[in-house]
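In what follows, a structure is listed as structure tokens, so that the remarks can point back to it.
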Amino acid sequence: MFNFPFPNISPQRLAIKLTVVGERSVRSGHPWIFTDSIEKVNKEGKSGDIAIIFSHTKNKAIGIGLYDPHSPIRIKMLHHEGSATPDSDFFSEKIQRAFALRAELLETKTNGYRLLFGENDGFPGFIADVYTHVLVVKLYSAIWFPYFEMILKSLLEVSGCDCVVLRLSRSLQTGDSHGFSDGQIIYGELPNEEVHFMEHGIAFSANVIKGHKTGYFLDHRHNRKQVGAISKGKTVLDVFAYAGGFSVHALANGATEVTSLDISSQALDLAVANAKLNSSSGSHRIITGDAFAVLKEMVKEYQTFDVVVIDPPSFAKSKKEIAIAKKKYAQLAQLGLALTAEKGMLVLASCSSRVSAEEFFEINETVLKGQSRRFKQWLRTRHDVDHPVTFPEGAYLKCGYYQFT
């Protein structure tokens, strides 16, 4: 059935007792147990061993997780409120529940979606994206190898895909991946690594072998649709455009001119290719360069656009970067303000999980209120339906729409 033999790994069962803080975390439903929250383990654990969490006061299981000796998040929780057996039925039920959450999305001319969103769907460190008929799985931890075959069988059954591509995190690429490799086709055939898919009726392509993450960034789908809806007859600036998600929706929905700006020429090649998959009459201009430098030059030249979209990469990948990230968001809001035409729309987004939505929106509004132009907040959005959030650290995406009057 599969193109590669799966490792025969028999996970052992570990009895775990946590500190008071750790037990409180389990009872609250949080998916992470850190090393310093573990008080006692009955034996040495290996990746993927079943960690059975016992109550401090009673000899009773209060949850199970998978043991990860190579991570400070030592236990990734699978189940809270009692014991459970992580077998094919257990994982199948979780996958069916996740798929049901996406059912409404799949009725919108969309066949590119996230089927499993890691911890938020009960699969810590496990991502599964679907692009038409291709299932792309990205693993961030070796804990999943003992259960990988049974999970894939269920994912294939639910999704109806006929091909599976495996992507591995950097740590797994350099560590023990049991013979698996990044970009490996482990089920079916893939004639072309560029896979076409639909997003609300708009065509895109994802390089599922070499592209970032699983080949595309699916999380902004709803916002791309929103931008498309307000772009008819407008000029649009798409900053940090990457593969042109916002640009393509704007062009396909009747924008007269779209400018895609990104530091990567390869990314902009993808933006051009994606735009050509759809019919449009507007012009598509490409600018390669550092966003901050290019935007400052545009401001000097008094350029303006009817719709300005600024969607940068994460600026705060560690705690020490938070302060700098906030300054960068303020800078971008200031530059976006100067580039937005009279009665135009400024769209500001963030994917930095360490900067909360409340902090991000406050930064934007502080900048916008510090100038003389009148505006109103038209819309705030968070995660799309296939990126559910079930614990605080699982939330990262936020987007604000500011209409100038």
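Residues in the structure tokens are numbered from 1 in each chain, the chains being A, B, ... in the order shown, and ligands are numbered from 1 in the order shown.
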*Can you tell me, as number ranges by chain, what residues are no more than 10 Å from Ser353 in chain A when counting only C-alpha atoms, ignoring any on the same chain fewer than 6 positions away?*
A: 314-318, 322, 392-398
*Can you list every residue in range 161-387 of chain A that DSSP puts in alpha helix (DSSP H), as an MDAnalysis selection string?*
chainID A and resid 170:174 221:229 245:252 265:276 291:300 322:339 357:369
Distance query Gly63 in chain A at most 6 Å, only C-alpha atoms, self and fewer than 2 positions along chain excluded, as a compact mmCIF listing (two decimals) with all heavy atoms, in the first residue's frame:
```txt
# COMPACT_ATOMS: atom_id res chain seq x y z
N ILE A 53 -0.65 9.90 32.79
CA ILE A 53 -0.55 10.87 33.89
C ILE A 53 -1.47 10.44 35.02
O ILE A 53 -2.68 10.28 34.82
CB ILE A 53 -0.94 12.28 33.42
CG1 ILE A 53 -0.29 12.63 32.08
CG2 ILE A 53 -0.61 13.30 34.49
CD1 ILE A 53 1.20 12.65 32.11
N ALA A 61 -5.72 7.62 36.57
CA ALA A 61 -5.23 8.34 35.39
C ALA A 61 -6.09 9.57 35.11
O ALA A 61 -7.32 9.49 35.16
CB ALA A 61 -5.23 7.42 34.17
N HIS A 79 -4.93 13.22 25.31
CA HIS A 79 -6.26 12.99 25.90
C HIS A 79 -6.27 13.47 27.34
O HIS A 79 -5.32 13.24 28.09
CB HIS A 79 -6.59 11.49 25.84
CG HIS A 79 -7.92 11.14 26.43
ND1 HIS A 79 -9.10 11.35 25.77
CD2 HIS A 79 -8.24 10.59 27.63
CE1 HIS A 79 -10.10 10.93 26.52
NE2 HIS A 79 -9.61 10.48 27.66
N HIS A 80 -7.33 14.18 27.69
CA HIS A 80 -7.51 14.66 29.05
C HIS A 80 -8.72 13.96 29.68
O HIS A 80 -9.52 13.35 28.99
CB HIS A 80 -7.70 16.18 29.07
CG HIS A 80 -6.53 16.94 28.51
ND1 HIS A 80 -6.34 17.09 27.14
CD2 HIS A 80 -5.50 17.59 29.11
CE1 HIS A 80 -5.24 17.80 26.94
NE2 HIS A 80 -4.72 18.12 28.12
N GLU A 81 -8.82 14.06 30.96
CA GLU A 81 -9.97 13.49 31.68
C GLU A 81 -10.01 11.97 31.61
O GLU A 81 -10.93 11.37 31.03
CB GLU A 81 -11.29 14.09 31.18
CG GLU A 81 -11.38 15.60 31.35
CD GLU A 81 -12.70 16.16 30.85
OE1 GLU A 81 -13.54 15.37 30.37
OE2 GLU A 81 -12.88 17.38 30.94
N GLY A 82 -8.99 11.33 32.15
CA GLY A 82 -8.99 9.88 32.23
C GLY A 82 -8.00 9.23 31.29
O GLY A 82 -7.19 9.89 30.66
N SER A 83 -8.11 7.93 31.18
CA SER A 83 -7.18 7.17 30.35
C SER A 83 -7.79 6.91 28.97
O SER A 83 -8.98 7.11 28.74
CB SER A 83 -6.84 5.84 31.03
OG SER A 83 -5.86 5.15 30.30
```
*Enumerate the residues of range 162-220 of chain A with a DSSP assignment of strand (DSSP E or B), computed from the backbone, and present them as a VMD selection string.*
chain A and resid 163 to 168 184 to 187 194 to 199 202 to 207
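Considering only C-alpha atoms, the residue among A:Gly201, A:Ile263, A:Val208, A:Arg27 positioned nearest to Val248 in chain A is A:Gly201.
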Would you give me, as CSV, each residue of range 177-270 of chain A having an atom within 7 Å of an atom of range 303-311 of chain A, along with its shortest atom pair and that distance in Å to one decimal, using only C-alpha atoms and sorting by chain and residue number?
```
residue,atom,partner,partner_atom,distance
A:Lys234,CA,A:Asp306,CA,5.7
A:Thr235,CA,A:Asp306,CA,5.2
A:Val236,CA,A:Val307,CA,4.7
A:Leu237,CA,A:Val308,CA,4.8
A:Asp238,CA,A:Val309,CA,5.0
A:Val239,CA,A:Ile310,CA,4.8
A:Phe240,CA,A:Asp311,CA,5.8
```
_Please report the interatomic distance between CA of Ile73 in chain A and CA of Glu44 in chain A in Å with one decimal._
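That distance, rounded to one decimal, is 15.9 Å.
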*Check the smallest atom-to-atom distance from each of A:Ala273, A:Tyr67, A:Asp129, A:His30 to Gln12 in chain A using only C-alpha atoms, then report the winner.*
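Checking each candidate against Gln12 in chain A, we get A:Tyr67 as the closest.
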Using 12 Å as the limit and counting only C-alpha atoms, can you tabulate each residue of range 180-279 of chain A that touches range 108-118 of chain A, with its shortest atom-to-atom distance in Å and the two atoms involved, as CSV?
```
residue,atom,partner,partner_atom,distance
A:Val195,CA,A:Gly112,CA,10.0
A:His196,CA,A:Gly112,CA,8.9
A:Phe197,CA,A:Gly112,CA,5.7
A:Met198,CA,A:Thr110,CA,5.0
A:Glu199,CA,A:Thr110,CA,4.5
A:His200,CA,A:Lys109,CA,4.9
A:Gly201,CA,A:Lys109,CA,5.0
A:Ile202,CA,A:Lys109,CA,8.3
A:Ala203,CA,A:Thr110,CA,9.3
A:Phe204,CA,A:Gly112,CA,9.0
A:Ser205,CA,A:Gly112,CA,9.7
A:Ala206,CA,A:Gly112,CA,9.4
A:Val208,CA,A:Gly112,CA,11.9
A:Lys213,CA,A:Arg114,CA,11.9
A:Thr214,CA,A:Arg114,CA,9.9
A:Gly215,CA,A:Gly112,CA,10.8
A:Tyr216,CA,A:Gly112,CA,9.4
A:Phe217,CA,A:Tyr113,CA,9.7
A:Leu218,CA,A:Tyr113,CA,6.4
A:Asp219,CA,A:Arg114,CA,8.3
A:His220,CA,A:Tyr113,CA,10.9
A:Arg221,CA,A:Tyr113,CA,9.0
A:His222,CA,A:Thr110,CA,11.1
A:Lys225,CA,A:Thr108,CA,11.2
```
*Would you list the contacts of Gly160 in chain A as a VMD selection string, taking every protein, DNA or RNA residue within 8 Å and counting only C-alpha atoms, but skipping same-chain residues closer than 3 positions in sequence?*
chain A and resid 133 156 to 157
*From the list A:Tyr402, A:Phe391, A:Phe361, A:Trp144, which residue is nearest Lys376 in chain A when using only C-alpha atoms?*
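Of A:Tyr402, A:Phe391, A:Phe361, A:Trp144, the one nearest Lys376 in chain A is A:Tyr402, counting only C-alpha atoms.
Here the question is which of A:Gly65, A:Cys161, A:Ile185, A:Leu166 gets nearest to Phe123 in chain A using only C-alpha atoms, and that residue is A:Gly65.
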*Identify, on the basis of only C-alpha atoms, every residue whose closest approach to range 329-336 of chain A does not exceed 7 Å; exclude the query and any residue fewer than 6 positions from it along the same chain; express the result as a PyMOL selection string.*
chain A and resi 295-296+308+346+363-364+367
*Compare A:Val130, A:Leu251, A:Leu14, A:Val20 by their minimum atom-to-atom distance to Ile52 in chain A, counting only C-alpha atoms, and give me the closest one.*
A:Leu14
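Distance check against Pro11 in chain A using only C-alpha atoms: of A:Leu135, A:Tyr147, A:Gly29, A:Gly125, the minimum falls on A:Tyr147.
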